[in-house]
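What follows is a single structure, written as structure tokens, with notes after it.
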Amino acid sequence: MIAREVKGPSIAGLCRANEKDITACWNAVKYSKKPRIHTFIATSDIHIKKKLQKTREEVLDLAVRAVRFAKKLCRDVEFSAEDAARSDFDYLCRVVEAVIEAGATTVNIPIRSVTPCRRNSGA
């Protein structure tokens, strides 16, 4: 409904780097005048090993395949490297370069702040 009704901005859907999720994302945003598929996969060694139970090369391949598949559906494809701050820098660069080559139009490098936010106490 948002994709059909909201005019002006790009309407993005966020999805994991697999065809089923990318297809569902596309089905949600395809009615927008400016649809975007935003896919992500973890790139830190701890997530690669513990969460995904994959190797770096397998994750790199999944990221590229996800972007290529999304690109077949949508011109505007964003890729995010989940847990980028804890990723090996050289590996992260390889992933970013590969997804750009695969067709990503936007790359997001999310960095989680390690410092807690301080709210104004009003004093």
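Starting from 1 in every chain, residues are counted up; chains themselves are A, B, ... following the order of the structure tokens, and ligands are numbered from 1 as listed.
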With only C-alpha atoms as the counted atoms, please give the residues lying no more than 10 Å from region 23-26 of chain A, apart from itself and same-chain residues fewer than 2 positions off, as a count of residues only.
22
Excluding same-chain residues fewer than 2 positions from Ala84 (chain A), what lies within 12 Å of it counting only C-alpha atoms, as a PyMOL selection string?
chain A and resi 40-48+79-82+86-93+95-96+107-113
